[in-house]
Every structure is written in C-alpha cells, then in structure tokens.
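Peer 1: Structure supplied as upload-v5.csv; contents: CSV, C-alpha atoms and all ligand atoms.
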chain,number,residue,atom,x,y,z
A,6,MET,CA,-18.7,9.7,-21.7
A,7,LYS,CA,-22.0,9.7,-20.0
A,8,LEU,CA,-22.0,8.2,-16.5
A,9,TRP,CA,-25.3,6.7,-15.2
A,10,ARG,CA,-24.0,7.1,-11.7
A,11,LYS,CA,-21.1,9.2,-10.5
A,12,PRO,CA,-18.6,6.9,-8.7
A,13,PHE,CA,-17.9,8.0,-5.1
A,14,ASP,CA,-14.2,8.3,-5.8
A,15,PHE,CA,-14.6,10.2,-9.1
A,16,HIS,CA,-12.5,13.1,-8.0
A,17,GLU,CA,-9.6,10.7,-7.5
A,18,GLN,CA,-10.0,8.6,-10.5
A,19,ALA,CA,-10.9,11.1,-13.2
A,20,THR,CA,-8.1,11.3,-15.8
A,21,ALA,CA,-7.1,13.9,-18.3
A,22,PRO,CA,-5.2,13.4,-21.6
A,23,SER,CA,-1.5,13.7,-20.6
A,24,LYS,CA,2.0,14.0,-21.8
A,25,VAL,CA,4.5,11.4,-20.7
A,26,VAL,CA,7.7,12.8,-19.3
A,27,LEU,CA,10.8,10.6,-19.2
A,28,ASN,CA,14.0,11.1,-17.1
A,29,LYS,CA,16.3,9.4,-19.6
A,30,ASP,CA,19.1,8.9,-17.1
A,31,ARG,CA,17.0,6.9,-14.7
A,32,CYS,CA,15.4,4.5,-17.1
A,33,LYS,CA,16.6,0.9,-17.2
A,34,GLY,CA,14.6,-0.2,-20.2
A,35,CYS,CA,12.4,-2.8,-18.5
A,36,GLU,CA,9.5,-2.0,-20.8
A,37,TYR,CA,6.9,-2.1,-18.1
A,38,CYS,CA,5.5,1.2,-19.2
A,39,VAL,CA,5.3,0.1,-22.8
A,40,VAL,CA,3.7,-3.3,-22.2
A,41,PHE,CA,1.2,-2.4,-19.5
A,42,CYS,CA,-0.1,0.9,-21.0
A,43,PRO,CA,-3.8,0.2,-21.7
A,44,THR,CA,-3.8,2.5,-24.8
A,45,LYS,CA,-0.4,1.6,-26.1
A,46,ALA,CA,0.7,5.2,-26.1
A,47,LEU,CA,4.4,4.3,-25.7
A,48,VAL,CA,6.9,2.2,-27.7
A,49,MET,CA,10.5,1.2,-27.2
A,50,SER,CA,12.8,3.4,-29.2
A,51,THR,CA,16.3,2.7,-30.6
A,52,GLU,CA,17.8,5.5,-28.5
A,53,MET,CA,20.2,4.4,-25.8
A,54,ASN,CA,20.8,6.3,-22.6
A,55,ALA,CA,24.2,6.8,-20.9
A,56,LYS,CA,24.0,3.5,-19.1
A,57,GLY,CA,23.3,1.6,-22.4
A,58,TYR,CA,19.6,0.9,-21.9
A,59,LEU,CA,17.1,1.4,-24.7
A,60,ILE,CA,14.5,3.9,-23.6
A,61,PRO,CA,10.8,4.2,-24.4
A,62,VAL,CA,9.2,7.1,-26.3
A,63,GLU,CA,5.7,8.4,-26.5
A,64,LEU,CA,4.0,8.0,-29.9
A,65,PRO,CA,3.2,11.3,-31.5
A,66,ASP,CA,-0.6,10.6,-31.8
A,67,GLY,CA,-1.2,11.5,-28.2
A,68,LYS,CA,-3.1,8.4,-27.1
A,69,CYS,CA,-2.2,8.8,-23.4
A,70,LEU,CA,-5.4,9.1,-21.3
A,71,GLY,CA,-3.5,9.9,-18.1
A,72,CYS,CA,-4.4,6.7,-16.2
A,73,GLY,CA,-1.1,6.9,-14.4
A,74,LEU,CA,-0.3,3.2,-14.5
A,75,CYS,CA,3.1,3.7,-16.2
A,76,GLU,CA,4.0,6.2,-13.6
A,77,ALA,CA,2.9,3.9,-10.8
A,78,ILE,CA,4.8,0.8,-12.0
A,79,CYS,CA,8.0,2.3,-13.3
A,80,PRO,CA,10.7,0.6,-11.2
A,81,ASP,CA,13.1,3.5,-11.6
A,82,PHE,CA,10.9,6.6,-10.9
A,83,ALA,CA,11.9,7.5,-14.4
A,84,LEU,CA,8.6,8.6,-15.9
A,85,TRP,CA,5.5,10.5,-14.9
A,86,ILE,CA,2.6,12.2,-16.6
A,87,VAL,CA,1.7,15.8,-16.8
A,88,PRO,CA,-1.9,16.8,-17.9
A,89,LEU,CA,-1.7,18.2,-21.5
A,90,GLU,CA,-3.0,21.6,-20.5
A,91,ALA,CA,-0.3,22.1,-18.0
A,92,ALA,CA,2.3,20.7,-20.3
A,93,GLN,CA,1.4,23.1,-23.1
A,94,LYS,CA,1.7,26.0,-20.7
A,95,GLY,CA,5.3,24.7,-20.2
A,96,GLU,CA,5.0,24.3,-16.5
B,8,MET,CA,-1.5,12.5,-6.5
B,9,ILE,CA,1.5,14.5,-5.0
B,10,GLY,CA,1.5,18.2,-5.6
B,11,THR,CA,1.4,19.9,-9.0
B,12,LYS,CA,3.0,18.0,-11.8
B,13,THR,CA,5.9,19.6,-13.7
B,14,LEU,CA,7.9,18.7,-16.7
B,15,THR,CA,11.2,18.7,-14.7
B,16,ASP,CA,10.6,16.5,-11.6
B,17,ASN,CA,8.8,13.3,-10.8
B,18,PRO,CA,6.2,14.1,-8.2
B,19,VAL,CA,7.5,11.3,-5.9
B,20,ASP,CA,10.9,13.0,-5.8
B,21,LEU,CA,9.5,15.2,-3.0
B,22,TYR,CA,9.8,12.1,-0.7
B,23,LEU,CA,12.9,10.6,-2.3
B,24,ARG,CA,16.6,11.4,-2.0
B,25,ALA,CA,16.7,12.2,-5.7
B,26,ASP,CA,20.4,12.9,-5.7
B,27,ARG,CA,21.0,9.2,-5.2
B,28,MET,CA,19.1,8.2,-8.4
B,29,PRO,CA,19.4,6.1,-10.4
B,30,HIS,CA,19.1,3.5,-7.7
B,31,ILE,CA,20.9,0.2,-7.4
B,32,TRP,CA,18.0,-2.1,-8.1
B,33,CYS,CA,18.0,-4.2,-11.3
B,34,SER,CA,16.1,-3.4,-14.4
B,35,GLY,CA,12.5,-4.6,-13.8
B,36,CYS,CA,12.9,-5.0,-10.0
B,37,GLY,CA,9.7,-4.7,-8.0
B,38,VAL,CA,11.2,-2.8,-5.1
B,39,GLY,CA,11.0,0.5,-6.9
B,40,PRO,CA,7.2,0.5,-7.5
B,41,SER,CA,6.6,-0.6,-4.0
B,42,VAL,CA,8.6,2.4,-2.7
B,43,ALA,CA,6.6,4.7,-5.1
B,44,CYS,CA,3.4,3.3,-3.6
B,45,PHE,CA,4.8,3.8,-0.1
B,46,VAL,CA,5.6,7.5,-0.5
B,47,LYS,CA,2.3,8.1,-2.2
B,48,ALA,CA,0.7,6.4,0.8
B,49,ILE,CA,2.6,8.7,3.2
B,50,HIS,CA,1.3,11.6,1.1
B,51,ARG,CA,-2.3,10.2,1.2
B,52,THR,CA,-2.3,9.9,5.0
B,53,GLY,CA,-0.9,13.5,5.4
B,54,LEU,CA,1.5,12.3,8.1
B,55,ASP,CA,4.2,14.7,9.0
B,56,THR,CA,7.4,13.4,7.5
B,57,ASP,CA,9.4,14.7,10.4
B,58,LYS,CA,7.5,12.2,12.6
B,59,ILE,CA,8.2,9.1,10.4
B,60,ALA,CA,11.2,6.9,10.8
B,61,ILE,CA,12.1,4.0,8.4
B,62,VAL,CA,14.2,1.1,9.5
B,63,SER,CA,15.5,-1.5,7.0
B,64,GLY,CA,17.5,-4.6,7.4
B,65,ILE,CA,19.9,-6.1,4.9
B,66,GLY,CA,19.0,-7.1,1.3
B,67,CYS,CA,17.9,-5.4,-1.9
B,68,SER,CA,14.8,-3.9,-0.1
B,69,GLY,CA,17.1,-3.0,2.8
B,70,ARG,CA,18.2,-0.2,0.5
B,71,VAL,CA,14.9,1.5,0.9
B,72,ALA,CA,15.9,3.3,4.0
B,73,GLY,CA,18.6,5.1,2.0
B,74,TYR,CA,16.3,6.3,-0.7
B,75,VAL,CA,13.4,7.7,1.2
B,76,LYS,CA,13.8,11.3,2.5
B,77,VAL,CA,12.7,10.8,6.1
B,78,ASP,CA,14.7,9.8,9.2
B,79,SER,CA,16.0,6.3,8.4
B,80,PHE,CA,18.3,3.6,9.6
B,81,HIS,CA,19.9,0.6,7.9
B,82,THR,CA,20.4,-2.0,10.6
B,83,THR,CA,22.2,-5.3,10.7
B,84,HIS,CA,20.7,-8.4,9.1
B,85,GLY,CA,17.3,-9.3,10.6
B,86,ARG,CA,17.4,-6.7,13.3
B,87,ALA,CA,15.2,-4.0,11.8
B,88,ILE,CA,12.3,-4.9,14.1
B,89,PRO,CA,14.1,-4.8,17.4
B,90,PHE,CA,15.7,-1.5,16.4
B,91,ALA,CA,12.2,-0.1,15.4
B,92,THR,CA,10.7,-1.4,18.7
B,93,GLY,CA,13.2,0.7,20.5
B,94,LEU,CA,12.3,3.7,18.5
B,95,ALA,CA,8.6,3.2,18.9
B,96,LEU,CA,8.9,2.8,22.7
B,97,ALA,CA,11.3,5.7,23.2
B,98,ASN,CA,9.2,8.1,21.2
B,99,PRO,CA,5.6,7.0,21.0
B,100,GLU,CA,4.8,10.0,18.8
B,101,LEU,CA,6.9,8.6,16.0
B,102,LYS,CA,5.3,6.6,13.2
B,103,VAL,CA,7.8,3.7,12.9
B,104,VAL,CA,8.0,1.8,9.6
B,105,VAL,CA,10.1,-1.3,8.9
B,106,PHE,CA,10.6,-1.7,5.2
B,107,SER,CA,12.6,-4.9,4.4
B,108,GLY,CA,12.7,-8.1,2.5
B,109,ASP,CA,11.3,-11.6,3.2
B,110,GLY,CA,14.8,-13.1,3.9
B,111,ASP,CA,15.6,-10.4,6.4
B,112,LEU,CA,12.2,-10.3,8.2
B,113,ALA,CA,11.1,-14.0,8.0
B,114,ALA,CA,14.4,-15.9,8.1
B,115,ILE,CA,17.1,-14.3,10.3
B,116,GLY,CA,14.6,-11.8,11.8
B,117,GLY,CA,11.7,-14.3,12.0
B,118,ASN,CA,11.7,-14.5,15.8
B,119,HIS,CA,11.5,-10.7,16.1
B,120,LEU,CA,8.7,-10.7,13.6
B,121,ILE,CA,6.5,-13.1,15.5
B,122,HIS,CA,7.1,-11.4,18.8
B,123,ALA,CA,6.5,-7.9,17.5
B,124,ALA,CA,3.2,-9.1,16.2
B,125,ARG,CA,2.3,-10.9,19.4
B,126,ARG,CA,3.1,-7.8,21.5
B,127,ASN,CA,1.2,-5.7,19.0
B,128,ILE,CA,3.9,-3.0,19.0
B,129,ASP,CA,2.9,0.2,17.2
B,130,MET,CA,4.7,-0.2,13.9
B,131,THR,CA,4.1,-0.8,10.2
B,132,VAL,CA,6.0,-3.6,8.6
B,133,ILE,CA,6.2,-3.7,4.8
B,134,CYS,CA,7.7,-6.9,3.6
B,135,TYR,CA,8.9,-7.0,0.0
B,136,ASN,CA,8.7,-10.7,-0.9
B,137,ASN,CA,10.7,-11.8,-4.0
B,138,PHE,CA,10.8,-15.5,-2.8
B,139,ASN,CA,14.6,-15.7,-2.4
B,140,TYR,CA,17.7,-13.9,-1.3
B,141,GLY,CA,18.2,-11.6,-4.3
B,142,MET,CA,21.1,-9.5,-3.2
B,143,THR,CA,23.4,-12.4,-2.4
B,144,GLY,CA,22.8,-14.3,-5.5
B,145,GLY,CA,19.4,-16.0,-5.3
B,146,GLN,CA,19.7,-18.5,-2.4
B,147,LEU,CA,16.7,-20.4,-1.0
B,148,GLY,CA,14.8,-18.6,1.7
B,149,PRO,CA,11.9,-19.4,4.0
B,150,THR,CA,9.4,-18.0,1.5
B,151,THR,CA,10.7,-19.9,-1.6
B,152,PRO,CA,7.7,-21.9,-2.9
B,153,LEU,CA,7.9,-25.7,-2.8
B,154,GLU,CA,9.6,-27.1,-5.9
B,155,ALA,CA,11.0,-23.7,-6.9
B,156,LYS,CA,14.6,-23.6,-8.0
B,157,SER,CA,17.2,-21.4,-6.5
B,158,THR,CA,21.0,-21.3,-6.5
B,159,THR,CA,21.0,-23.5,-3.4
B,160,SER,CA,18.1,-25.8,-4.5
B,161,PRO,CA,19.0,-26.5,-8.2
B,162,TYR,CA,16.7,-29.5,-8.3
B,163,GLY,CA,13.8,-27.8,-6.6
B,164,ASN,CA,13.0,-26.7,-3.1
B,165,CYS,CA,12.1,-29.4,-0.5
B,166,ASP,CA,10.9,-27.0,2.2
B,167,PRO,CA,7.3,-25.9,2.5
B,168,PRO,CA,7.4,-22.1,2.7
B,169,PHE,CA,6.0,-19.6,5.2
B,170,ASN,CA,2.7,-18.1,4.4
B,171,LEU,CA,3.6,-14.7,5.9
B,172,PRO,CA,0.0,-13.2,6.2
B,173,HIS,CA,-1.1,-16.3,8.1
B,174,LEU,CA,2.0,-16.3,10.3
B,175,VAL,CA,1.6,-12.7,11.5
B,176,ALA,CA,-2.2,-12.9,11.7
B,177,ALA,CA,-1.9,-16.0,13.9
B,178,CYS,CA,0.6,-14.1,16.1
B,179,GLY,CA,-1.8,-11.3,16.7
B,180,ALA,CA,-1.2,-8.5,14.1
B,181,SER,CA,-3.9,-5.8,13.9
B,182,TYR,CA,-3.8,-5.4,10.1
B,183,VAL,CA,-2.6,-7.8,7.5
B,184,SER,CA,-2.7,-7.5,3.7
B,185,ARG,CA,-1.0,-8.7,0.6
B,186,TRP,CA,-0.7,-7.0,-2.8
B,187,THR,CA,1.6,-7.1,-5.7
B,188,VAL,CA,3.3,-4.2,-7.6
B,189,ILE,CA,0.8,-4.7,-10.5
B,190,HIS,CA,-1.9,-3.5,-8.0
B,191,PRO,CA,-0.5,-0.1,-7.3
B,192,ARG,CA,-3.7,1.7,-6.3
B,193,GLN,CA,-4.8,-1.1,-3.9
B,194,LEU,CA,-1.3,-1.3,-2.5
B,195,GLU,CA,-1.1,2.4,-1.9
B,196,LYS,CA,-4.5,2.5,-0.2
B,197,SER,CA,-3.6,-0.6,1.9
B,198,MET,CA,-0.2,1.0,3.0
B,199,ALA,CA,-2.1,4.1,3.9
B,200,GLU,CA,-4.5,2.1,6.1
B,201,ALA,CA,-1.6,0.3,7.7
B,202,LEU,CA,0.2,3.5,8.4
B,203,THR,CA,-2.8,5.1,10.2
B,204,LYS,CA,-3.9,2.1,12.2
B,205,PRO,CA,-2.5,1.7,15.7
B,206,GLY,CA,-0.8,-1.5,16.6
B,207,PHE,CA,1.3,-4.0,14.5
B,208,THR,CA,0.3,-3.7,10.9
B,209,PHE,CA,1.8,-5.8,8.1
B,210,VAL,CA,1.7,-5.4,4.3
B,211,GLU,CA,3.3,-8.1,2.2
B,212,VAL,CA,4.3,-6.9,-1.3
B,213,LEU,CA,4.9,-9.4,-4.0
B,214,GLY,CA,7.0,-8.3,-6.9
B,215,PRO,CA,9.3,-9.6,-9.7
B,216,CYS,CA,13.0,-10.4,-9.2
B,217,PRO,CA,14.0,-11.1,-12.8
B,218,THR,CA,17.7,-11.2,-11.9
B,219,THR,CA,17.7,-14.2,-9.6
B,220,TYR,CA,14.4,-15.8,-8.8
B,221,GLY,CA,13.0,-15.2,-12.3
B,222,ARG,CA,16.2,-16.4,-14.0
B,223,MET,CA,16.5,-19.6,-11.8
B,224,ASN,CA,12.8,-20.5,-12.5
B,225,LYS,CA,12.8,-19.6,-16.2
B,226,LEU,CA,10.1,-17.0,-15.7
B,227,GLY,CA,11.4,-14.8,-18.5
B,228,ARG,CA,12.0,-11.1,-18.2
B,229,GLY,CA,10.5,-8.7,-15.6
B,230,VAL,CA,7.5,-8.0,-17.9
B,231,ASP,CA,6.7,-11.7,-18.1
B,232,GLU,CA,7.0,-12.1,-14.4
B,233,LEU,CA,4.7,-9.1,-13.8
B,234,ARG,CA,2.2,-10.4,-16.3
B,235,ALA,CA,2.2,-13.7,-14.5
B,236,TYR,CA,1.3,-11.9,-11.3
B,237,GLN,CA,-1.5,-10.1,-13.1
B,238,GLU,CA,-2.9,-13.4,-14.4
B,239,ARG,CA,-2.4,-15.5,-11.2
B,240,CYS,CA,-3.7,-13.0,-8.6
B,241,VAL,CA,-7.2,-13.3,-7.3
B,242,VAL,CA,-8.4,-10.4,-5.3
B,243,SER,CA,-9.9,-11.9,-2.1
B,244,ASN,CA,-10.5,-9.2,0.5
B,245,GLY,CA,-11.3,-10.5,4.0
B,246,VAL,CA,-10.4,-14.1,3.2
B,247,ASP,CA,-8.8,-16.2,6.0
B,248,PRO,CA,-5.0,-15.8,5.4
B,249,ARG,CA,-4.7,-19.5,6.2
B,250,ASP,CA,-5.9,-20.1,2.7
B,251,ALA,CA,-3.5,-17.7,1.1
B,252,GLU,CA,-0.6,-20.0,0.6
B,253,ILE,CA,1.6,-19.4,-2.5
B,254,GLY,CA,2.6,-22.3,-4.7
B,255,LEU,CA,5.0,-22.4,-7.6
B,256,ASN,CA,2.1,-22.1,-10.0
B,257,GLY,CA,-1.6,-21.6,-9.5
B,258,PRO,CA,-3.6,-18.7,-8.0
B,259,ILE,CA,-2.2,-16.2,-5.5
B,260,LEU,CA,-4.8,-14.7,-3.2
B,261,VAL,CA,-4.2,-11.0,-2.6
B,262,GLY,CA,-6.3,-8.5,-0.6
B,263,ASN,CA,-6.8,-6.9,2.8
B,264,PHE,CA,-7.1,-10.0,5.0
B,265,VAL,CA,-7.2,-8.8,8.7
B,266,ASP,CA,-8.3,-5.5,10.2
B,267,LEU,CA,-9.1,-5.6,13.9
B,268,SER,CA,-8.5,-3.6,17.1
B,269,ARG,CA,-6.4,-4.9,19.9
B,270,PRO,CA,-4.7,-2.9,22.7
B,271,THR,CA,-1.1,-2.2,21.8
B,272,PHE,CA,2.0,-2.9,23.9
B,273,TRP,CA,2.2,0.8,24.8
B,274,ASP,CA,-1.5,0.8,26.0
B,275,HIS,CA,-0.7,-2.1,28.3
B,276,CYS,CA,2.5,-0.3,29.5
B,277,VAL,CA,0.6,2.9,30.3
B,278,LYS,CA,-2.1,1.0,32.2
B,279,ILE,CA,0.1,-1.3,34.2
B,280,PHE,CA,3.0,1.2,35.0
B,281,GLY,CA,0.4,3.9,35.8
B,282,ARG,CA,-1.2,1.6,38.3
B,283,ALA,CA,2.2,0.7,39.8
B,284,GLN,CA,3.1,4.3,40.2
B,285,LYS,CA,-0.1,5.1,42.1
B,286,LYS,CA,0.8,2.6,44.8
C,301,LIG,S1,9.0,1.4,-16.8
C,301,LIG,FE1,10.5,3.0,-16.3
C,301,LIG,S2,12.5,2.0,-16.3
C,301,LIG,FE2,11.0,0.7,-17.4
C,301,LIG,S3,11.2,1.2,-19.6
C,301,LIG,FE3,9.6,2.5,-18.8
C,301,LIG,S4,10.5,4.4,-18.1
C,301,LIG,FE4,12.2,2.9,-18.4
C,302,LIG,S1,-0.7,7.3,-18.2
C,302,LIG,FE1,-1.8,5.4,-18.8
C,302,LIG,S2,-2.5,5.8,-20.9
C,302,LIG,FE2,-0.8,7.3,-20.4
C,302,LIG,S3,1.1,6.4,-21.1
C,302,LIG,FE3,0.8,5.9,-18.9
C,302,LIG,S4,-0.2,3.9,-18.9
C,302,LIG,FE4,-0.5,4.8,-21.0
C,303,LIG,S1,18.3,-9.2,-7.2
C,303,LIG,FE1,16.1,-9.2,-7.5
C,303,LIG,S2,15.2,-8.1,-5.7
C,303,LIG,FE2,17.4,-7.6,-5.8
C,303,LIG,S3,17.5,-5.7,-7.0
C,303,LIG,FE3,17.7,-7.4,-8.5
C,303,LIG,S4,15.7,-7.9,-9.2
C,303,LIG,FE4,15.4,-6.6,-7.3
What is this file in structure tokens?
Ligand code: SF4
Ligand code: SF4
Ligand code: SF4
Peer 2:
Amino acid sequence: MKLWRKPFDFHEQATAPSKVVLNKDRCKGCEYCVVFCPTKALVMSTEMNAKGYLIPVELPDGKCLGCGLCEAICPDFALWIVPLEAAQKGE
Amino acid sequence: MIGTKTLTDNPVDLYLRADRMPHIWCSGCGVGPSVACFVKAIHRTGLDTDKIAIVSGIGCSGRVAGYVKVDSFHTTHGRAIPFATGLALANPELKVVVFSGDGDLAAIGGNHLIHAARRNIDMTVICYNNFNYGMTGGQLGPTTPLEAKSTTSPYGNCDPPFNLPHLVAACGASYVSRWTVIHPRQLEKSMAEALTKPGFTFVEVLGPCPTTYGRMNKLGRGVDELRAYQERCVVSNGVDPRDAEIGLNGPILVGNFVDLSRPTFWDHCVKIFGRAQKK
C-alpha cells in the first residue's frame, strides 16, 4: 500500500500478518473475536473446551492482518496475536 | 503493545494474576476488555507497578482488584474512594486507582465520589457502567436509563439516571472521559492520560452485561449488545458533558470531555500546613 502521507502514529498502528493464538481453557465462547474481526479470519468451531463452551478457530487461509481488535476485546484474555514471522520461528 | 509476543502467554498476563484465570465474569461481559485496556494503559504510561495501588468496591467490577498484579484492596460496598483517599494522603508517591462499578461508586458510594471530585484528590477513578447491579441479579441502580427494565423495575424504570461525566465534572474533576469497550484504543489512551494527570481523574467505561441488563431489556447476546454500542456511539471529544445523557435508545456521546488543571487537595495541604508550621 502506498501512503501519500505517513501518519504520525504509524509506528504504533502498523500491522503485520499474524497468527491467532487461543488459550482454550479461558475462552467462554462469546464470539466477539469472530463477529468483530474485520477480515473474518476466525470462525466458531464445533470443538468444546473443558467448561463446555464452543471455541473459535482461525481459518487456514491466513487472512489475519494483525489489527489486534480480537485481542483487545476478548473478555477472557483468551486470545492474542503473534506476528507470522515470530510464530514460524516458534517463539 | 506489551513486550514480545509468544505462543504460550497472553502479553497482558504480565500484569494479571494469571493463576486465577479463567475469571468469574460471564461470557461476553465487558469488564474483561476494560481490564485489558487498563493494564495496557499502565504499560503505555511506563508507571512503576510497585507504586500503583488498586482499590475496588463490591460488584462484578469489584473483582478487578483481585485479578490485577499490583497492590490491591477489595473494600466494603461503596467505600473504595475513602479507602483510596487514605492511601493517597498517607503516601503521595503512590498512584492510586479506584476500579469499580456504577452501583458501587454512584449509589452507595455516591457521596464519596462527589466529595473526592470536589477536593480534587489525586486519584484515578475508573467506573465500569453496566446500567444495573449485575452481581446481585440485575436490580435497578442510579445509572439505569429511564424506562429500562430491571428485576426491580419490571414495567420500566421511573427514575431519571445520573449522567456520571456531568456529575463529576460539575463537582470539579480534572479529567473526565467516557468510552465503551468497543473503542479499545481510545479507551486505553484515555486511561493512560487519566493515570498521568494530577488530581481527580474519571473514566467511565460502558460495556455489555448480557446476563442481567441485556437479558431484562431483550438486548440479545453480548455480541448484539456490543454491536448496539458500536452503532449508537458518537465520538464527541470536548463536548459539554451536560449533553452526554444516556437514554434507553438513541445516540450515546463518548469522548474525552474535560481536561483542565486545578490545584489538588495535597497542593492545598502543603501550602496551608507549611504556612502554619512557619508561624
Ligand atoms: S472473544 Fe475470547 S472468549 Fe469470546 S469467543 Fe473469542 S476467544 Fe473466546
Ligand atoms: S488481529 Fe484483527 S484481523 Fe487478525 S484475527 Fe484479530 S481481529 Fe481479525
Ligand atoms: S452480571 Fe453482568 S457485569 Fe456481572 S459478570 Fe455477568 S455480564 Fe458482567
């Protein structure tokens, strides 16, 4: 993407394609991450966690842009994103 | 962003008592995201966590004190502000934060709220407003909108509610803002501003309560309630908080409303007691 003017807070806002990591035990299946993701990178799965909630799963086509909204609005601190490069290194 | 991201831990866990997770809040409750914004705000300000104290009252959001990994205290109902006032005056180096709910701060603790704002005591008050008493089963509170249903107003509420930003601004607060949990970036920045500003600073956070308020008012699931916030909110920075009343339906004004400088209670103490000591 070509920017005609670099935003002042570019260093804060710049995103990188990311992998979504889920802590299954914390999730309560509220679907916020699935519904509010701007790229629809997540869907609800049919897998249930120990507490009996259906949990979300990332679609395999890697649509996550790393905007961080899902991480910010997850009520249960259950999911976060890791930039793909770092994730592939297995950090 | 907090630290480097790993595949094993959520970055906010650095500031949370992770051993207590999963927390007690309902599926889709808005207290969780406001806590995430709060710890990110602490990180953003670079404050030393050894010099922060969190005080909560009773209620769903009263549990925050137990989940954030800083010195914290869970007080009796409504008494978070007086406890915090003592902390702030005994140790002026401490950054004192009160994180509690609307029922705790504005109903039983309402008197403490207005006087802490009037005296401009050095503290940050974060008020999670879910429009009812969630923990005890969804009773009517002083912030429940007119006509809204609750377990104690099954035909609709007859009491006009408090407009909290207007209330604390009129009492003399130095910083007043209101955001919802669907504005996480603005909320985090606003909390960081409130944390670093001297004097009485107040952030009202609106969020869904699908279990009681949402159920009584047929607002659907948490996602529906959150989407309603997204649609109803109008970002209006700098607007007079007098105009920011919240109705059952219609627009909700959010933004940073008040940001001014006024001598704090401690400034007055230092000046007046210093003069008295010289005599
Ligand atoms: S937002 Fe969090 S708790 Fe809700 S479904 Fe997604 S991961 Fe689970
Ligand atoms: S970071 Fe953004 S794009 Fe990626 S899954 Fe979360 S909400 Fe979707
Ligand atoms: S009752 Fe409402 S405010 Fe309390 S935890 Fe449940 S959803 Fe959250």
Peer 1: Write out as a list in words each polymer residue whose atoms come within 12 Å of A:Ala46, counting all atoms listed in the file; drop sequence neighbours fewer than 3 positions from it.
Peer 2: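 With the cut-off at 12 Å, the set is Pro22, Ser23, Lys24, Val25, Cys38, Val39, Val40, Phe41, Cys42, Pro43, Met49, Pro61, Val62, Glu63, Leu64, Pro65, Asp66, Gly67, Lys68, Cys69, Leu70, Gly71, Cys72, Gly73, Leu74, Cys75 and Ile86 of chain A.
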Peer 1: Convert the current residue selection to file output with C-alpha atoms, as a PDB file, keeping the file's coordinate frame.
Peer 2:
ATOM      1  CA  PRO A  22      -5.200  13.400 -21.600  1.00  0.00           C
ATOM      2  CA  SER A  23      -1.500  13.700 -20.600  1.00  0.00           C
ATOM      3  CA  LYS A  24       2.000  14.000 -21.800  1.00  0.00           C
ATOM      4  CA  VAL A  25       4.500  11.400 -20.700  1.00  0.00           C
ATOM      5  CA  CYS A  38       5.500   1.200 -19.200  1.00  0.00           C
ATOM      6  CA  VAL A  39       5.300   0.100 -22.800  1.00  0.00           C
ATOM      7  CA  VAL A  40       3.700  -3.300 -22.200  1.00  0.00           C
ATOM      8  CA  PHE A  41       1.200  -2.400 -19.500  1.00  0.00           C
ATOM      9  CA  CYS A  42      -0.100   0.900 -21.000  1.00  0.00           C
ATOM     10  CA  PRO A  43      -3.800   0.200 -21.700  1.00  0.00           C
ATOM     11  CA  MET A  49      10.500   1.200 -27.200  1.00  0.00           C
ATOM     12  CA  PRO A  61      10.800   4.200 -24.400  1.00  0.00           C
ATOM     13  CA  VAL A  62       9.200   7.100 -26.300  1.00  0.00           C
ATOM     14  CA  GLU A  63       5.700   8.400 -26.500  1.00  0.00           C
ATOM     15  CA  LEU A  64       4.000   8.000 -29.900  1.00  0.00           C
ATOM     16  CA  PRO A  65       3.200  11.300 -31.500  1.00  0.00           C
ATOM     17  CA  ASP A  66      -0.600  10.600 -31.800  1.00  0.00           C
ATOM     18  CA  GLY A  67      -1.200  11.500 -28.200  1.00  0.00           C
ATOM     19  CA  LYS A  68      -3.100   8.400 -27.100  1.00  0.00           C
ATOM     20  CA  CYS A  69      -2.200   8.800 -23.400  1.00  0.00           C
ATOM     21  CA  LEU A  70      -5.400   9.100 -21.300  1.00  0.00           C
ATOM     22  CA  GLY A  71      -3.500   9.900 -18.100  1.00  0.00           C
ATOM     23  CA  CYS A  72      -4.400   6.700 -16.200  1.00  0.00           C
ATOM     24  CA  GLY A  73      -1.100   6.900 -14.400  1.00  0.00           C
ATOM     25  CA  LEU A  74      -0.300   3.200 -14.500  1.00  0.00           C
ATOM     26  CA  CYS A  75       3.100   3.700 -16.200  1.00  0.00           C
ATOM     27  CA  ILE A  86       2.600  12.200 -16.600  1.00  0.00           C
TER      28      ILE A  86
END
Peer 1: Within 6 Å of chain B, which residues of chain A are there when counting all atoms listed in the file? Please give them as a PDB file with C-alpha atoms, in the coordinates of the input.
Peer 2:
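File written: result_22.pdb
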ATOM      1  CA  ARG A  31      17.000   6.900 -14.700  1.00  0.00           C
ATOM      2  CA  LYS A  33      16.600   0.900 -17.200  1.00  0.00           C
ATOM      3  CA  CYS A  35      12.400  -2.800 -18.500  1.00  0.00           C
ATOM      4  CA  TYR A  37       6.900  -2.100 -18.100  1.00  0.00           C
ATOM      5  CA  ILE A  78       4.800   0.800 -12.000  1.00  0.00           C
ATOM      6  CA  PRO A  80      10.700   0.600 -11.200  1.00  0.00           C
ATOM      7  CA  ASP A  81      13.100   3.500 -11.600  1.00  0.00           C
ATOM      8  CA  TRP A  85       5.500  10.500 -14.900  1.00  0.00           C
ATOM      9  CA  VAL A  87       1.700  15.800 -16.800  1.00  0.00           C
ATOM     10  CA  GLU A  96       5.000  24.300 -16.500  1.00  0.00           C
TER      11      GLU A  96
END
Peer 1: So which residues are near ligand LIG 303 (chain C), meaning at most 6 Å away with all atoms listed in the file counted, given back as a list in words?
Peer 2: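 Answer in the requested format: Trp32, Cys33, Cys36, Cys67, Gly141, Met142, Cys216, Pro217, Thr218 and Thr219 of chain B.
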Peer 1: Report as a PyMOL selection string all protein, DNA and RNA residues lying within 9 Å of B:Val105, evaluated on all atoms listed in the file, omitting residues in the same chain fewer than 5 positions from it.
Peer 2: chain B and resi 60-64+72+87-88+91+130-134
Peer 1: When distances are computed from all atoms listed in the file, which of B:Ser107, B:Tyr140, B:Asn164, B:Phe209 shows the smallest separation from B:Gly254?
Peer 2: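 Ranking B:Ser107, B:Tyr140, B:Asn164, B:Phe209 by distance to B:Gly254, first place goes to B:Asn164.
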Peer 1: Got a sec: who's within 9 Å of stretch 242-251 of chain B, counting all atoms listed in the file, leaving out chain neighbours fewer than 4 positions off, as a list of chain:residue names?
Peer 2: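 Returned residues: B:Asn170, B:Leu171, B:Pro172, B:His173, B:Leu174, B:Ala176, B:Ala177, B:Val183, B:Ser184, B:Trp186, B:Ile259, B:Leu260, B:Val261, B:Gly262, B:Asn263, B:Phe264, B:Val265, B:Asp266.
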Peer 1: For a test of reading the model, state the distance in Å between atom CA of B:Leu54 and atom CA of B:Tyr22, rounded to one decimal.
Peer 2: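 So the answer is 12.1 Å.
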Peer 1: Considering all atoms listed in the file, can you say which of B:Leu101, B:Thr208, B:Val277, B:Gly116 comes closest to B:Asp57?
Peer 2: B:Leu101
Peer 1: Which is closest to ligand LIG 302 (chain C) among A:Ile60, A:Ala55, A:Val26, A:Cys32, if we use all atoms listed in the file?
Peer 2: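 Ranking A:Ile60, A:Ala55, A:Val26, A:Cys32 by distance to ligand LIG 302 (chain C), first place goes to A:Val26.
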Peer 1: Using only C-alpha atoms, list the residues that have an atom at most 6 Å from (10.5, 5.7, -17.9), coordinates as in the file, as number ranges by chain.
Peer 2: A: 27, 32, 83-84
